[in-house]
file query06.cif (mmCIF, C-alpha atoms)
data_query
#
loop_
_atom_site.label_atom_id
_atom_site.label_comp_id
_atom_site.auth_asym_id
_atom_site.auth_seq_id
_atom_site.Cartn_x
_atom_site.Cartn_y
_atom_site.Cartn_z
CA MET A 1 -7.76 0.26 18.93
CA ARG A 2 -10.58 1.70 16.85
CA LYS A 3 -11.53 5.30 16.23
CA THR A 4 -13.72 7.21 13.85
CA ILE A 5 -11.85 10.25 12.58
CA PHE A 6 -12.45 13.27 10.41
CA ILE A 7 -9.45 13.93 8.23
CA LEU A 8 -7.88 17.24 9.16
CA ILE A 9 -4.13 17.74 9.02
CA ALA A 10 -2.31 17.21 12.33
CA LEU A 11 -5.57 16.70 14.26
CA ALA A 12 -6.32 13.55 16.24
CA THR A 13 -9.77 14.70 17.30
CA SER A 14 -12.36 11.94 17.18
CA VAL A 15 -15.88 12.69 16.05
CA SER A 16 -19.02 10.61 15.96
CA LEU A 17 -20.13 9.84 12.43
CA SER A 18 -22.95 7.60 11.27
CA ALA A 19 -21.67 4.92 8.90
CA LYS A 20 -23.60 4.23 5.73
CA LYS A 21 -25.19 0.83 5.45
CA LYS A 22 -24.28 -1.45 2.56
CA SER A 23 -27.84 -1.24 1.23
CA GLU A 24 -27.51 2.54 0.99
CA VAL A 25 -24.38 2.42 -1.15
CA LYS A 26 -24.61 1.95 -4.89
CA VAL A 27 -21.49 0.39 -6.31
CA PRO A 28 -20.74 2.37 -9.50
CA ALA A 29 -20.32 0.40 -12.69
CA GLU A 30 -17.16 1.10 -14.65
CA SER A 31 -19.25 2.97 -17.22
CA ASP A 32 -20.39 5.34 -14.45
CA MET A 33 -16.86 6.18 -13.33
CA GLY A 34 -14.63 8.77 -14.95
CA ALA A 35 -11.95 9.71 -12.44
CA TYR A 36 -9.22 8.26 -10.25
CA VAL A 37 -7.68 8.79 -6.83
CA MET A 38 -4.01 8.11 -6.08
CA VAL A 39 -2.67 7.68 -2.55
CA TYR A 40 1.01 7.98 -1.71
CA HIS A 41 3.35 8.95 1.12
CA LYS A 42 6.35 11.26 1.32
CA ASP A 43 9.45 10.77 3.44
CA CYS A 44 9.41 14.41 4.51
CA ASP A 45 6.22 14.06 6.56
CA HIS A 46 5.20 10.37 6.78
CA GLY A 47 1.58 11.31 6.14
CA LEU A 48 -1.09 10.21 3.67
CA HIS A 49 -1.30 12.21 0.43
CA MET A 50 -3.94 12.08 -2.30
CA ALA A 51 -4.08 13.16 -5.94
CA VAL A 52 -6.91 12.98 -8.49
CA SER A 53 -7.10 12.59 -12.25
CA TYR A 54 -9.90 12.65 -14.78
CA ASP A 55 -8.03 11.01 -17.63
CA SER A 56 -5.50 8.79 -15.77
CA TYR A 57 -2.60 10.71 -17.32
CA ASN A 58 -2.69 14.15 -15.65
CA TRP A 59 -2.65 14.17 -11.85
CA THR A 60 -3.24 16.97 -9.33
CA SER A 61 -2.49 16.62 -5.64
CA LEU A 62 -5.17 17.54 -3.12
CA ASN A 63 -4.45 20.02 -0.32
CA ASP A 64 -1.47 21.49 -2.21
CA ASP A 65 0.49 18.27 -1.67
CA LYS A 66 0.22 18.48 2.10
CA PRO A 67 -1.01 15.39 3.96
CA VAL A 68 -4.75 14.78 3.98
CA ILE A 69 -4.18 12.62 7.07
CA SER A 70 -1.22 13.19 9.34
CA GLY A 71 0.73 10.08 10.30
CA ASP A 72 0.99 11.50 13.83
CA THR A 73 -2.74 11.10 14.34
CA ILE A 74 -3.31 7.48 13.28
CA SER A 75 -0.20 5.37 13.87
CA VAL A 76 1.75 3.93 16.78
CA GLN A 77 5.09 5.08 15.33
CA HIS A 78 3.72 8.55 14.43
CA GLY A 79 4.11 7.94 10.72
CA ILE A 80 2.71 5.88 7.86
CA ARG A 81 4.24 4.49 4.68
CA ASP A 82 3.20 2.40 1.68
CA PRO A 83 -0.49 3.40 1.49
CA HIS A 84 -2.80 1.28 -0.64
CA ILE A 85 -6.40 2.06 -1.60
CA PHE A 86 -8.93 -0.50 -2.80
CA ARG A 87 -12.55 -0.04 -3.83
CA GLY A 88 -14.54 -2.97 -2.50
CA PRO A 89 -17.65 -4.68 -3.83
CA ASP A 90 -19.72 -2.74 -1.28
CA GLY A 91 -18.59 0.56 -2.81
CA GLY A 92 -16.38 1.37 0.17
CA PHE A 93 -12.79 2.55 0.06
CA TYR A 94 -10.25 0.51 1.98
CA LEU A 95 -6.93 2.03 3.07
CA ALA A 96 -4.08 -0.11 4.38
CA MET A 97 -0.75 1.41 5.46
CA THR A 98 2.52 0.46 7.11
CA ASP A 99 2.80 1.78 10.66
CA LEU A 100 6.38 3.03 10.49
CA ASN A 101 8.32 6.27 10.77
CA ILE A 102 11.89 5.72 9.60
CA PHE A 103 13.00 9.15 10.88
CA ALA A 104 11.36 9.05 14.32
CA GLN A 105 14.67 9.24 16.20
CA ARG A 106 15.67 12.37 14.28
CA GLU A 107 12.24 13.92 14.77
CA ALA A 108 12.45 13.27 18.51
CA ALA A 109 15.68 15.29 18.62
CA ASP A 110 14.17 18.06 16.49
CA ARG A 111 11.19 18.35 18.84
CA ALA A 112 13.10 18.13 22.12
CA GLY A 113 11.57 20.63 24.53
CA TRP A 114 8.39 21.14 22.50
CA LYS A 115 5.26 21.31 24.61
CA ASP A 116 2.91 18.36 23.94
CA ALA A 117 5.28 16.91 21.33
CA PRO A 118 4.41 13.38 20.20
CA ALA A 119 6.31 10.60 21.99
CA TYR A 120 8.71 9.78 19.17
CA ARG A 121 11.20 7.02 19.94
CA THR A 122 14.76 7.97 20.81
CA THR A 123 16.31 4.87 19.21
CA GLU A 124 16.90 4.25 15.51
CA TRP A 125 14.23 1.52 15.39
CA GLU A 126 11.64 0.16 17.77
CA ARG A 127 13.92 -2.82 18.48
CA ASP A 128 17.56 -3.74 17.96
CA GLY A 129 18.30 -3.52 14.24
CA LYS A 130 20.86 -6.34 14.47
CA LEU A 131 18.17 -8.70 15.72
CA TYR A 132 15.08 -7.41 13.90
CA GLY A 133 16.47 -5.68 10.82
CA TRP A 134 16.07 -2.33 9.08
CA GLY A 135 12.84 -0.48 9.77
CA ASN A 136 11.43 -3.11 12.07
CA ASN A 137 7.83 -2.55 13.07
CA ARG A 138 4.94 -4.54 14.47
CA GLY A 139 1.76 -3.42 12.78
CA LEU A 140 -0.49 -1.87 10.16
CA VAL A 141 -3.09 0.90 10.00
CA VAL A 142 -6.34 -0.04 8.23
CA MET A 143 -9.17 2.38 7.48
CA LYS A 144 -12.52 2.39 5.70
CA SER A 145 -14.66 5.13 4.18
CA PHE A 146 -17.58 5.55 1.80
CA ASP A 147 -16.73 9.14 0.82
CA LEU A 148 -12.92 9.49 1.27
CA LYS A 149 -13.54 12.09 3.97
CA ASN A 150 -14.98 10.24 6.97
CA TRP A 151 -13.02 7.19 8.09
CA THR A 152 -13.00 4.41 10.64
CA ARG A 153 -9.57 3.27 11.76
CA THR A 154 -8.02 0.19 13.34
CA ASN A 155 -4.41 -0.37 14.37
CA LEU A 156 -3.33 -4.00 13.93
CA ASP A 157 -0.53 -5.33 16.18
CA PHE A 158 0.83 -8.59 14.80
CA SER A 159 3.29 -9.06 17.64
CA SER A 160 0.36 -9.74 19.98
CA LEU A 161 -0.90 -12.73 17.96
CA THR A 162 -0.62 -16.13 19.63
CA CYS A 163 -1.31 -18.30 16.56
CA PRO A 164 1.58 -20.14 14.82
CA THR A 165 3.71 -18.26 12.30
CA GLY A 166 4.71 -21.39 10.38
CA VAL A 167 8.38 -20.40 10.77
CA THR A 168 10.98 -22.33 12.75
CA ASP A 169 14.45 -21.34 13.90
CA ILE A 170 17.69 -23.17 13.04
CA HIS A 171 16.96 -25.63 15.85
CA GLY A 172 13.50 -26.42 14.53
CA ASN A 173 11.68 -24.49 17.25
CA PRO A 174 8.55 -22.50 16.29
CA VAL A 175 9.10 -18.73 16.04
CA PRO A 176 6.15 -16.79 17.58
CA TRP A 177 4.57 -13.61 16.22
CA SER A 178 6.12 -11.69 19.11
CA GLU A 179 9.37 -12.02 17.12
CA VAL A 180 7.94 -10.46 13.96
CA GLY A 181 10.60 -8.35 12.25
CA CYS A 182 8.41 -6.27 9.94
CA VAL A 183 4.86 -5.83 8.67
CA TRP A 184 5.15 -3.75 5.51
CA ALA A 185 3.32 -2.69 2.35
CA PRO A 186 -0.21 -3.99 3.02
CA GLU A 187 -2.71 -4.21 0.19
CA THR A 188 -6.36 -5.19 0.05
CA VAL A 189 -8.11 -7.41 -2.47
CA TYR A 190 -11.45 -9.22 -2.39
CA ASP A 191 -11.56 -13.00 -2.34
CA TYR A 192 -14.73 -13.71 -4.32
CA GLU A 193 -14.56 -17.41 -3.57
CA ALA A 194 -14.29 -16.92 0.21
CA GLY A 195 -16.49 -13.79 0.25
CA HIS A 196 -14.06 -11.82 2.40
CA LEU A 197 -11.63 -8.93 2.19
CA LEU A 198 -8.03 -10.13 2.15
CA VAL A 199 -5.02 -8.07 3.22
CA HIS A 200 -1.62 -9.28 2.02
CA PHE A 201 1.63 -7.84 3.30
CA THR A 202 5.40 -8.29 3.52
CA THR A 203 6.69 -9.84 6.73
CA ARG A 204 9.64 -11.65 8.25
CA MET A 205 10.53 -13.15 11.58
CA LYS A 206 13.33 -11.27 13.34
CA ASN A 207 15.96 -10.47 10.69
CA GLY A 208 15.09 -13.40 8.45
CA PHE A 209 13.91 -13.52 4.85
CA ASN A 210 10.99 -11.34 3.73
CA MET A 211 7.97 -13.15 2.32
CA ILE A 212 4.28 -12.42 1.61
CA TYR A 213 1.56 -13.36 4.11
CA TYR A 214 -2.20 -12.74 4.04
CA VAL A 215 -5.06 -12.44 6.50
CA TYR A 216 -8.85 -12.13 6.07
CA MET A 217 -10.66 -9.10 7.50
CA ASN A 218 -14.25 -8.53 8.55
CA ASP A 219 -16.57 -6.45 6.37
CA ASP A 220 -16.16 -3.37 8.57
CA PHE A 221 -12.37 -3.61 8.16
CA THR A 222 -11.87 -3.44 11.89
CA ALA A 223 -10.59 -6.92 12.81
CA MET A 224 -8.76 -9.94 11.47
CA ILE A 225 -10.99 -13.00 11.16
CA SER A 226 -8.31 -15.55 10.28
CA GLU A 227 -4.77 -16.44 11.21
CA PRO A 228 -2.11 -14.94 8.92
CA LYS A 229 -0.82 -17.48 6.41
CA LEU A 230 1.95 -17.67 3.83
CA LEU A 231 0.90 -16.52 0.35
CA PHE A 232 4.18 -16.35 -1.58
CA GLU A 233 7.93 -16.69 -1.01
CA ALA A 234 11.14 -17.19 -2.98
CA PRO A 235 12.25 -20.70 -3.98
CA HIS A 236 14.04 -22.58 -1.22
CA ASN A 237 17.62 -23.72 -0.90
CA GLY A 238 18.27 -27.36 -0.08
CA ASN A 239 17.93 -26.58 3.64
CA GLY A 240 14.39 -25.26 3.23
CA VAL A 241 15.36 -21.60 3.58
CA PRO A 242 14.23 -19.03 0.93
CA ARG A 243 17.02 -18.07 -1.44
CA TYR A 244 16.19 -14.34 -1.37
CA ASN A 245 13.65 -11.75 -0.20
CA VAL A 246 10.33 -11.03 -1.89
CA ILE A 247 8.41 -7.87 -0.93
CA ASP A 248 5.69 -5.41 -2.04
CA SER A 249 2.93 -7.67 -3.35
CA ASP A 250 0.09 -6.30 -5.51
CA ILE A 251 -2.86 -8.44 -6.62
CA ILE A 252 -5.53 -7.61 -9.21
CA LYS A 253 -8.22 -9.89 -10.61
CA VAL A 254 -8.82 -9.70 -14.37
CA GLY A 255 -11.42 -12.12 -15.70
CA ASP A 256 -10.92 -15.38 -13.84
CA THR A 257 -7.19 -14.82 -13.20
CA TYR A 258 -5.44 -13.20 -10.27
CA HIS A 259 -2.28 -11.33 -11.25
CA LEU A 260 0.42 -10.97 -8.61
CA PHE A 261 3.10 -8.32 -9.06
CA TYR A 262 5.88 -8.39 -6.51
CA VAL A 263 9.51 -7.36 -6.00
CA SER A 264 12.25 -9.96 -6.14
CA HIS A 265 15.58 -9.32 -4.43
CA GLU A 266 17.29 -12.19 -6.19
CA ASN A 267 19.67 -9.65 -7.71
CA THR A 268 18.75 -5.97 -8.08
CA ALA A 269 15.25 -5.22 -6.77
CA THR A 270 13.05 -6.06 -9.76
CA VAL A 271 9.30 -6.31 -10.34
CA LYS A 272 8.05 -9.79 -11.26
CA HIS A 273 4.66 -11.14 -12.39
CA ALA A 274 2.89 -14.38 -11.45
CA THR A 275 -0.66 -15.70 -11.96
CA SER A 276 -3.16 -17.98 -10.25
CA LYS A 277 -6.82 -18.96 -10.44
CA ASN A 278 -7.06 -18.47 -6.68
CA VAL A 279 -6.20 -15.31 -4.81
CA THR A 280 -4.21 -17.26 -2.22
CA GLY A 281 -2.26 -19.18 -4.88
CA PRO A 282 -0.31 -21.14 -5.75
CA TYR A 283 1.15 -18.53 -8.12
CA VAL A 284 3.15 -19.45 -11.21
CA LEU A 285 5.93 -17.10 -12.28
CA ASP A 286 5.46 -15.52 -15.72
CA ASN A 287 8.75 -14.44 -17.29
CA LEU A 288 7.00 -12.36 -19.99
CA TYR A 289 6.82 -9.26 -17.79
CA ASN A 290 9.50 -6.67 -18.52
CA ASP A 291 9.17 -3.04 -17.46
CA GLY A 292 12.48 -1.93 -18.98
CA GLU A 293 13.77 -0.49 -15.71
CA ARG A 294 17.36 -1.55 -15.02
CA GLN A 295 17.84 0.28 -11.73
CA GLY A 296 16.40 -0.98 -8.46
CA HIS A 297 12.65 -0.36 -8.22
CA GLU A 298 9.74 -1.52 -6.06
CA ALA A 299 6.10 -0.98 -5.02
CA PRO A 300 4.26 -2.17 -8.16
CA ASN A 301 0.58 -1.28 -8.44
CA CYS A 302 -1.61 -2.46 -11.33
CA TRP A 303 -4.76 -0.50 -12.22
CA LYS A 304 -7.15 -0.26 -15.15
CA ARG A 305 -7.74 2.72 -17.43
CA LEU A 306 -11.52 3.20 -17.29
CA GLY A 307 -13.40 2.37 -20.47
CA GLN A 308 -10.38 0.69 -22.05
CA ASP A 309 -8.99 -2.83 -22.10
CA LYS A 310 -5.71 -1.41 -20.90
CA TRP A 311 -3.94 -1.88 -17.57
CA VAL A 312 -1.09 0.15 -16.10
CA VAL A 313 1.69 -1.16 -13.89
CA MET A 314 3.04 1.75 -11.86
CA PHE A 315 6.24 1.32 -9.86
CA ASP A 316 8.49 3.31 -7.56
CA ASN A 317 11.92 4.25 -8.98
CA TYR A 318 13.70 4.68 -5.67
CA SER A 319 17.13 4.46 -7.36
CA ARG A 320 16.50 7.44 -9.63
CA ARG A 321 17.48 10.99 -8.75
CA PRO A 322 15.22 12.79 -8.47
CA HIS A 323 12.81 10.18 -7.18
CA ASN A 324 10.07 9.24 -9.67
CA PHE A 325 7.52 6.65 -10.80
CA GLY A 326 7.72 4.49 -13.91
CA PHE A 327 4.74 3.23 -15.93
CA VAL A 328 4.12 0.34 -18.31
CA GLU A 329 0.91 -0.59 -20.13
CA THR A 330 -0.54 -3.91 -21.21
CA THR A 331 -3.69 -5.15 -22.92
CA ASP A 332 -3.08 -8.87 -22.46
CA PHE A 333 -0.60 -9.25 -19.56
CA LYS A 334 1.82 -10.80 -22.04
CA THR A 335 3.24 -7.71 -23.73
CA PHE A 336 4.19 -4.75 -21.55
CA ASN A 337 5.06 -1.38 -23.10
CA MET A 338 7.09 1.19 -21.17
CA ILE A 339 5.48 4.65 -21.42
CA GLY A 340 8.01 6.55 -19.32
CA TYR A 341 8.15 8.42 -16.03
CA PHE A 342 6.21 11.30 -14.53
CA ASP A 343 7.03 14.51 -16.43
CA ALA A 344 9.76 12.89 -18.53
CA GLU A 345 10.18 13.91 -22.16
CA GLY A 346 7.82 11.88 -24.35
CA SER A 347 5.87 10.48 -21.41
CA PRO A 348 2.08 11.05 -21.24
CA MET A 349 2.15 10.87 -17.42
CA LYS A 350 2.12 14.34 -15.81
CA ARG A 351 2.05 15.85 -12.29
CA ALA A 352 0.56 19.30 -11.77
CA ASN A 353 1.70 20.21 -8.27
CA PHE A 354 3.58 17.43 -6.50
CA SER A 355 6.87 15.53 -6.50
CA GLU A 356 8.95 13.12 -4.40
CA GLN A 357 5.93 10.85 -4.01
CA LYS A 358 6.55 7.28 -2.89
CA HIS A 359 4.79 3.90 -2.96
CA ALA A 360 1.45 4.81 -4.54
CA ALA A 361 -1.80 3.08 -5.44
CA VAL A 362 -4.79 4.04 -7.60
CA ALA A 363 -8.54 3.39 -7.33
CA PRO A 364 -11.47 4.47 -9.57
CA LEU A 365 -13.96 7.25 -8.77
CA THR A 366 -17.02 8.79 -10.31
CA VAL A 367 -16.57 12.32 -11.60
CA LYS A 368 -18.97 13.51 -8.88
CA GLU A 369 -16.87 11.87 -6.16
CA ALA A 370 -13.68 13.44 -7.50
CA LYS A 371 -15.28 16.91 -7.75
CA GLU A 372 -16.65 16.67 -4.21
CA LEU A 373 -13.24 15.60 -2.90
CA GLU A 374 -11.52 18.53 -4.62
CA LYS A 375 -14.14 20.93 -3.28
CA PHE A 376 -13.73 19.55 0.25
CA TRP A 377 -9.97 20.10 0.30
CA LYS A 378 -10.16 23.55 -1.25
CA LYS A 379 -12.35 24.55 1.69
CA LYS A 380 -10.06 22.86 4.25
CA LYS A 381 -6.84 24.32 2.82
#
call {"tool": "encode", "arguments": {"input": "query06.cif", "output": "structure tokens"}}
result
Amino acid sequence: MRKTIFILIALATSVSLSAKKKSEVKVPAESDMGAYVMVYHKDCDHGLHMAVSYDSYNWTSLNDDKPVISGDTISVQHGIRDPHIFRGPDGGFYLAMTDLNIFAQREAADRAGWKDAPAYRTTEWERDGKLYGWGNNRGLVVMKSFDLKNWTRTNLDFSSLTCPTGVTDIHGNPVPWSEVGCVWAPETVYDYEAGHLLVHFTTRMKNGFNMIYYVYMNDDFTAMISEPKLLFEAPHNGNGVPRYNVIDSDIIKVGDTYHLFYVSHENTATVKHATSKNVTGPYVLDNLYNDGERQGHEAPNCWKRLGQDKWVVMFDNYSRRPHNFGFVETTDFKTFNMIGYFDAEGSPMKRANFSEQKHAAVAPLTVKEAKELEKFWKKKK
């Protein structure tokens, strides 16, 4: 399913928009950029939120922290989670999101009797949780834009794939994609060797172990052009089964090295770091990473402070009350310095008008792009 949409809250109206050609888009150099956009979701509305910053420390949410795209309008489950934004080599912005509403059953009850209410499910999950696990879903939402206002959208359904999964059951029989248990936390990176966009995501078959898969996408970000393949998983037991779950992969290329940040469930959910010379691996675990967070945390996202040889690893402190993000900095990916949490005493990271954000990602902007985006949402408010 593909639509071109204009982002207005709670509207699913399609409009016809002319897409810019690659030749018309100038990819800004880092020296020409001076702002940032952050995307995140919130459990209270399962929509896409955006915030901007001009110094990478102080962040202001667009649209008064209301969704800039409603999950009702773009997803099969009437909700999105885990948004990731990537700026590609063509200058375009690539959004990838989990198609999942974890409160759809409750929302169906709340909207009972409403005229034209969305068709929320009346069960806890799409399929039996005992067989397919917590939050089971089948697909992703992927979108592309050159201005962060006009988007093309595609809904990917992995359960309809007929290619092999590479997974077998306890009897050695192949498990098909129709038995996929989840497709979560997608992220986009560019494979410079292959010359294609690559989306990596967390998946499992039925209620098995979570692992990281990847698939190549076409330049328009509207279709998969390869079969999904395994990118990373936990070490195996003697019977060939992973010892624990790994989820929430994030990949950034620095120099000639790809850095993979992911969440290990070996004990408490903890962010880990691995490296490779190839985006598809193999990745070697680096035990130097330490973010200082002892409680369970997830959703790492690594991004660069513009004009500095300094990278930030941002992660989601889901165990903290109230919910918050943690931040560490590095200049060499060997030493990582904790700089605190949003709005915490002594932390340089500040929020102007939002809270309870979850699973975020950051991409660079020019100052002009950021100003135009702020102006757009002030008018649409």
call {"tool": "residues_around", "arguments": {"input": "query06.cif", "residues": "Leu198 in chain A", "least_positions_apart": "2", "cutoff": "12 Å", "atoms": "only C-alpha atoms", "output": "PyMOL selection string"}}
result
chain A and resi 86+88+94+96+142+186-196+200-201+213-219+221+223-229+231+250-252+279-280
call {"tool": "residues_near_point", "arguments": {"input": "query06.cif", "point": "(12.4, -18.4, 2.3)", "cutoff": "10 Å", "atoms": "all atoms listed in the file", "output": "ChimeraX atom specification"}}
result
/A:167,204,208-211,232-237,239-246
call {"tool": "closest_residue", "arguments": {"input": "query06.cif", "among": "A:Trp311, A:Lys42, A:Arg294, A:Leu306", "to": "Val367 in chain A", "atoms": "all atoms listed in the file"}}
result
A:Leu306
call {"tool": "resolve_selection", "arguments": {"input": "query06.cif", "expression": "the PyMOL selection byres ((chain A and resi 257) around 8)", "output": "list in words"}}
result
Lys253, Val254, Gly255, Asp256, Tyr258, His259, Thr275, Ser276, Lys277 and Asn278 of chain A
call {"tool": "atom_distance", "arguments": {"input": "query06.cif", "atom1": "CA of Ala269 in chain A", "atom2": "CA of His297 in chain A"}}
result
5.7 Å
call {"tool": "closest_residue", "arguments": {"input": "query06.cif", "among": "A:Trp177, A:Tyr40, A:Tyr54, A:Trp114", "to": "Cys163 in chain A", "atoms": "only C-alpha atoms"}}
result
A:Trp177
call {"tool": "closest_residue", "arguments": {"input": "query06.cif", "among": "A:Asp291, A:Glu369, A:Asp248, A:Glu30", "to": "Lys304 in chain A", "atoms": "only C-alpha atoms"}}
result
A:Glu30
call {"tool": "axis_aligned_box", "arguments": {"input": "query06.cif", "around": "range 224-229 of chain A", "padding_each_side": "5 Å", "output": "AutoDock Vina command-line options"}}
result
--center_x -5.9 --center_y -13.7 --center_z 8.9 --size_x 20.2 --size_y 17.5 --size_z 15.1
call {"tool": "resolve_selection", "arguments": {"input": "query06.cif", "expression": "the PyMOL selection byres ((chain A and resi 284-289) around 6)", "output": "ChimeraX atom specification"}}
result
/A:273-275,283,290,334
call {"tool": "residues_around", "arguments": {"input": "query06.cif", "residues": "Ile102 in chain A", "least_positions_apart": "3", "cutoff": "9 Å", "atoms": "all atoms listed in the file", "output": "ChimeraX atom specification"}}
result
/A:43,46,77,79,105-106,124-125,135
call {"tool": "residues_near_point", "arguments": {"input": "query06.cif", "point": "(-8.2, 13.4, -11.7)", "cutoff": "12 Å", "atoms": "all atoms listed in the file", "output": "short mmCIF file (atom, residue, chain, number, x, y, z; two decimals) with C-alpha atoms, keeping the file's coordinate frame"}}
result
data_model
loop_
_atom_site.label_atom_id
_atom_site.label_comp_id
_atom_site.auth_asym_id
_atom_site.auth_seq_id
_atom_site.Cartn_x
_atom_site.Cartn_y
_atom_site.Cartn_z
CA MET A 33 -16.86 6.18 -13.33
CA GLY A 34 -14.63 8.77 -14.95
CA ALA A 35 -11.95 9.71 -12.44
CA TYR A 36 -9.22 8.26 -10.25
CA VAL A 37 -7.68 8.79 -6.83
CA MET A 38 -4.01 8.11 -6.08
CA MET A 50 -3.94 12.08 -2.30
CA ALA A 51 -4.08 13.16 -5.94
CA VAL A 52 -6.91 12.98 -8.49
CA SER A 53 -7.10 12.59 -12.25
CA TYR A 54 -9.90 12.65 -14.78
CA ASP A 55 -8.03 11.01 -17.63
CA SER A 56 -5.50 8.79 -15.77
CA TYR A 57 -2.60 10.71 -17.32
CA ASN A 58 -2.69 14.15 -15.65
CA TRP A 59 -2.65 14.17 -11.85
CA THR A 60 -3.24 16.97 -9.33
CA SER A 61 -2.49 16.62 -5.64
CA LEU A 62 -5.17 17.54 -3.12
CA LYS A 350 2.12 14.34 -15.81
CA ARG A 351 2.05 15.85 -12.29
CA ALA A 352 0.56 19.30 -11.77
CA VAL A 362 -4.79 4.04 -7.60
CA ALA A 363 -8.54 3.39 -7.33
CA PRO A 364 -11.47 4.47 -9.57
CA LEU A 365 -13.96 7.25 -8.77
CA THR A 366 -17.02 8.79 -10.31
CA VAL A 367 -16.57 12.32 -11.60
CA LYS A 368 -18.97 13.51 -8.88
CA GLU A 369 -16.87 11.87 -6.16
CA ALA A 370 -13.68 13.44 -7.50
CA LYS A 371 -15.28 16.91 -7.75
CA GLU A 372 -16.65 16.67 -4.21
CA LEU A 373 -13.24 15.60 -2.90
CA GLU A 374 -11.52 18.53 -4.62
#
call {"tool": "residues_around", "arguments": {"input": "query06.cif", "residues": "Ser75 in chain A", "least_positions_apart": "6", "cutoff": "12 Å", "atoms": "only C-alpha atoms", "output": "PDB file with C-alpha atoms, keeping the file's coordinate frame"}}
result
ATOM      1  CA  MET A   1      -7.760   0.260  18.930  1.00  0.00           C
ATOM      2  CA  ARG A   2     -10.580   1.700  16.850  1.00  0.00           C
ATOM      3  CA  LYS A   3     -11.530   5.300  16.230  1.00  0.00           C
ATOM      4  CA  ALA A  12      -6.320  13.550  16.240  1.00  0.00           C
ATOM      5  CA  HIS A  46       5.200  10.370   6.780  1.00  0.00           C
ATOM      6  CA  GLY A  47       1.580  11.310   6.140  1.00  0.00           C
ATOM      7  CA  LEU A  48      -1.090  10.210   3.670  1.00  0.00           C
ATOM      8  CA  ILE A  69      -4.180  12.620   7.070  1.00  0.00           C
ATOM      9  CA  ARG A  81       4.240   4.490   4.680  1.00  0.00           C
ATOM     10  CA  ALA A  96      -4.080  -0.110   4.380  1.00  0.00           C
ATOM     11  CA  MET A  97      -0.750   1.410   5.460  1.00  0.00           C
ATOM     12  CA  THR A  98       2.520   0.460   7.110  1.00  0.00           C
ATOM     13  CA  ASP A  99       2.800   1.780  10.660  1.00  0.00           C
ATOM     14  CA  LEU A 100       6.380   3.030  10.490  1.00  0.00           C
ATOM     15  CA  ASN A 101       8.320   6.270  10.770  1.00  0.00           C
ATOM     16  CA  PRO A 118       4.410  13.380  20.200  1.00  0.00           C
ATOM     17  CA  ALA A 119       6.310  10.600  21.990  1.00  0.00           C
ATOM     18  CA  TYR A 120       8.710   9.780  19.170  1.00  0.00           C
ATOM     19  CA  ASN A 137       7.830  -2.550  13.070  1.00  0.00           C
ATOM     20  CA  ARG A 138       4.940  -4.540  14.470  1.00  0.00           C
ATOM     21  CA  GLY A 139       1.760  -3.420  12.780  1.00  0.00           C
ATOM     22  CA  LEU A 140      -0.490  -1.870  10.160  1.00  0.00           C
ATOM     23  CA  VAL A 141      -3.090   0.900  10.000  1.00  0.00           C
ATOM     24  CA  VAL A 142      -6.340  -0.040   8.230  1.00  0.00           C
ATOM     25  CA  MET A 143      -9.170   2.380   7.480  1.00  0.00           C
ATOM     26  CA  ARG A 153      -9.570   3.270  11.760  1.00  0.00           C
ATOM     27  CA  THR A 154      -8.020   0.190  13.340  1.00  0.00           C
ATOM     28  CA  ASN A 155      -4.410  -0.370  14.370  1.00  0.00           C
ATOM     29  CA  LEU A 156      -3.330  -4.000  13.930  1.00  0.00           C
ATOM     30  CA  ASP A 157      -0.530  -5.330  16.180  1.00  0.00           C
TER      31      ASP A 157
END
call {"tool": "atom_distance", "arguments": {"input": "query06.cif", "atom1": "CA of Lys144 in chain A", "atom2": "CA of Ile85 in chain A"}}
result
9.5 Å
call {"tool": "closest_residue", "arguments": {"input": "query06.cif", "among": "A:Val27, A:Asp65, A:Met205, A:Val180", "to": "Thr168 in chain A", "atoms": "all atoms listed in the file"}}
result
A:Met205
call {"tool": "closest_residue", "arguments": {"input": "query06.cif", "among": "A:Arg111, A:Tyr341, A:Phe354, A:Asp82", "to": "Glu298 in chain A", "atoms": "only C-alpha atoms"}}
result
A:Asp82
call {"tool": "atom_distance", "arguments": {"input": "query06.cif", "atom1": "CA of Phe93 in chain A", "atom2": "CA of Trp151 in chain A"}}
result
9.3 Å
call {"tool": "closest_residue", "arguments": {"input": "query06.cif", "among": "A:Ser178, A:Ser319, A:Asn173, A:Thr331", "to": "Trp303 in chain A", "atoms": "all atoms listed in the file"}}
result
A:Thr331
